[in-house]
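Comments concern the structure below.
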Amino acid sequence: MLLRFSTKFSLIFFLIFFGSSIAFSAEKSDDKKGFDVNEMIMHHIKDSHEFHIMDINGHGVSFPLPIILWTKNGLVSFLSSEFDHDDSGTVVVDKNGQLFVKYHEKIFYANTENNTKYISYDELGNVLNEKPLDLSITKLVFSMFISMILLVFIFVATAKTYSRSRKGEPTGLGKFTEPLILFIKDEVAVPMIGEKNYKKYMPFLLTLFFFIWINNVMGLIPFFPFSANLSGNIAFTFVLAAITFIITTLVANKDYWKHIFWMPGIPVPMKLFLAPIEFLGIFIKPISLMIRLFANISAGHIIVLSLISLIFIFKSIWLAPASLFFSVFISLIEVLVVAIQAYIFTMLSALYIGSAIEEHEH
Amino acid sequence: MDLVTPDIGLIFWTTVSFGILYFVLAKFAWKPILGAVNEREKSIKDALSAAEKAKDEMENLKSDNEKILNEAKLQRELLLKEAREIKSKIISDAENEATEKANKLIESAKTAIENEKSAAMKELKNTVVDLSLNIAEKLLSKELESKDKQLENIQEILDKTKLN
């Protein structure tokens with residue numbers, strides 16, 4: 001159901017955007033130097049200000065995305081196509097007297113002192129230019145919006161199927177989504193948080209699980225408007241882990257803090273020894289959440305891309321079957337992995353919340 | 001290093017997106033879905049407990065029936081026993097009464113017989129005395145008619161009577 005739905009969606013996107021706003025790259029890429037696998041992979045798994053769709057005769061075809069900057073003179077926004085695919089700080093965009101250049105997917109104020117070079121570096125090659133606050137709708141943000149639309153569409157449609165059924169049994173889309181919802185309820189929320197309190201956290205856990213999962217799955221689909229490595233971006237996982245951390249800290253009861261700072265039932269020296277460890281644990285738990293999801297999803301993307309890149313590294317078409325076989329194999333495993341990672345993230349979040357509101361009896 | 005440095009823009013958008021998604025889904029999706037699921041689970045639970053209750057009631061009814069049956073049986077037993085007792089009592093009473101009456105009758109018959117007997121004896125005695133006196137009178141008158149005979153008789157009596 002989900003797959004049919006997403007392919008339909010991607011088709012619509014293709015039709016809407018292909019005709020209107022395709023920007024052709026005029027840049028002569030450094031083809032002569034050969035294929036840089038590392039750069040290609042890193043470029044893929046990182047964020048971008050334009051959504052690269054494909055290359056036609058060496059010209060990149062990209063879907064331009066809005067750049068939104070909070071500058072010294074207020075909010076500035078323009079389409080990323082104005083940079084003309086430039087990512088090396090050579091094309092300047094002039095907005096209301098402010099000059100911007102894009103260098104390695106970061107927007108800088110252009111350095112106007114030297115008219116040929118807009119970027120200035122220190123000895124280590126770090127960029128010295130000032131940066132405006134970049135709130136652009138990047139590739140990952142764009143992908144996230146699509147996932148939101150999909151989620152709202154799927155689950156509002158699911159909710160509607162219940163009003164059609166007479167006795168509250170799932171019909172239509174609900175037959176597909178309800179088992180997943182019940183899984184989160186019966187296997188995650190109830191055992192981790194407890195029969196008494198779980199209801200309050202169900203919306204959060206469901207949103208978390210499906211948000212992560214759909215973005216994981218969308219990352220696996222290798223064409224526009226999917227393929228973005230959103231859930232393999234540390235900023236994304238950071239936010240989700242931070243939300244779990246905030247909830248855990250806010251709802252925590254006296255017992256939780258007592259078990260951290262003055263563990264009952266053990267001798268005083270041990271209490272003193274455990275307190276700093278337990279205190280660090282408060283932060284390590286969400287950090288582990290953040291890193292686990294980020295690393296797993298990024299690793300998946302890197303492996304698939306590396307296997308595909310083998311063809312280009314060895315410059316042999318004969319390697320293609322093996323390379324394809326392995327990348328399909330890994331992709332299938334990834335389908336499993338992304339679901340498991342979404343589940344683990346949700347389950348551990350529920351566990352942390354559950355441990356914070358648990359009532360101990362001793 | 002670039003890879004593990006969270007980007008402010010993405011943090012901002014993720015926070016906003018997740019917040020919006022949370023509220024939209026919570027209001028328009030999770031609430032009706034979980035509501036329907038909970039309602040359904042509740043109705044299933046209710047139906048199950050109602051069935052359980054009905055089963056219990058049936059069980060109770062069954063045991064009640066058994067109890068009533070047992071009581072009825074006991075009652076019957078008791079009634080029968082009482083009836084039997086009454087019967088035997090009546091019989092024994094009747095027997096006793098009959099015996100008593102018979103005894104009384106026999107007793108009175110005996111006394112009547114005794115009375116009659118003694119009366120008869122009395123009369124017999126009187127008759128015998130009269131008779132004997134008559135005979136004696138007649139005999140004496142006859143014997144005393146002649147002196148010889150009297151003497152003879154006296155002699156005879158004296159002979160028989162040994163004087164020593």
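How things are named: the first chain in the structure tokens is A, the next is B, and so on; residues count from 1 in each chain; ligands count from 1 in the order shown.
If you take only C-alpha atoms and a cut-off of 7 Å, the residues of chain B that reach chain A are Leu3, Val4, Thr5, Pro6, Asp7, Gly9, Leu10, Ile11, Trp13, Thr14, Thr15, Leu21, Tyr22, Leu25, Ala26, Phe28, Ala29, Trp30, Pro32, Ile33, Ala36, Val37 and Arg40 of chain B.
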(Q) What parts of range 163-240 of chain A does DSSP call helix (DSSP H, G or I)? I'd like the answer as a PyMOL selection string. (A) chain A and resi 163-164+173-193+198-220+234-240
**Q.** Straight-line distance linking CA of Pro132 in chain A with CA of Thr90 in chain A, stated in Å to one decimal
**A.** 17.6 Å
Q: Provide the CA of Leu48 in chain B to CA of Lys62 in chain B distance in Å, to one decimal place.
A: 20.7 Å
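The space separating CA of Ala275 in chain A from CA of Ile247 in chain A comes to 21.4 Å.
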Q: Quick one: pick out all strand (DSSP E or B) residues within range 87-151 of chain A from a backbone DSSP run and write them as an MDAnalysis selection string.
A: chainID A and resid 88 93:95 98:103 106:109 121 127 133:134
Take the residues just selected and output them with C-alpha atoms as a CSV table (one decimal), in the first residue's frame.
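So selection27.csv came out as:
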chain,number,residue,atom,x,y,z
A,88,SER,CA,33.1,26.5,-5.0
A,93,VAL,CA,24.4,36.4,-5.7
A,94,ASP,CA,23.6,40.0,-5.0
A,95,LYS,CA,20.5,40.5,-2.8
A,98,GLN,CA,24.5,41.8,0.2
A,99,LEU,CA,26.7,39.4,-1.7
A,100,PHE,CA,26.6,35.7,-1.1
A,101,VAL,CA,28.6,32.8,-2.3
A,102,LYS,CA,28.1,29.1,-1.8
A,103,TYR,CA,31.1,27.0,-0.8
A,106,LYS,CA,27.5,26.5,3.0
A,107,ILE,CA,26.4,30.1,2.3
A,108,PHE,CA,29.0,32.8,3.1
A,109,TYR,CA,29.0,36.6,2.8
A,121,TYR,CA,41.1,31.0,3.9
A,127,VAL,CA,37.1,29.6,5.4
A,133,LEU,CA,22.2,32.1,9.6
A,134,ASP,CA,21.1,29.6,7.0
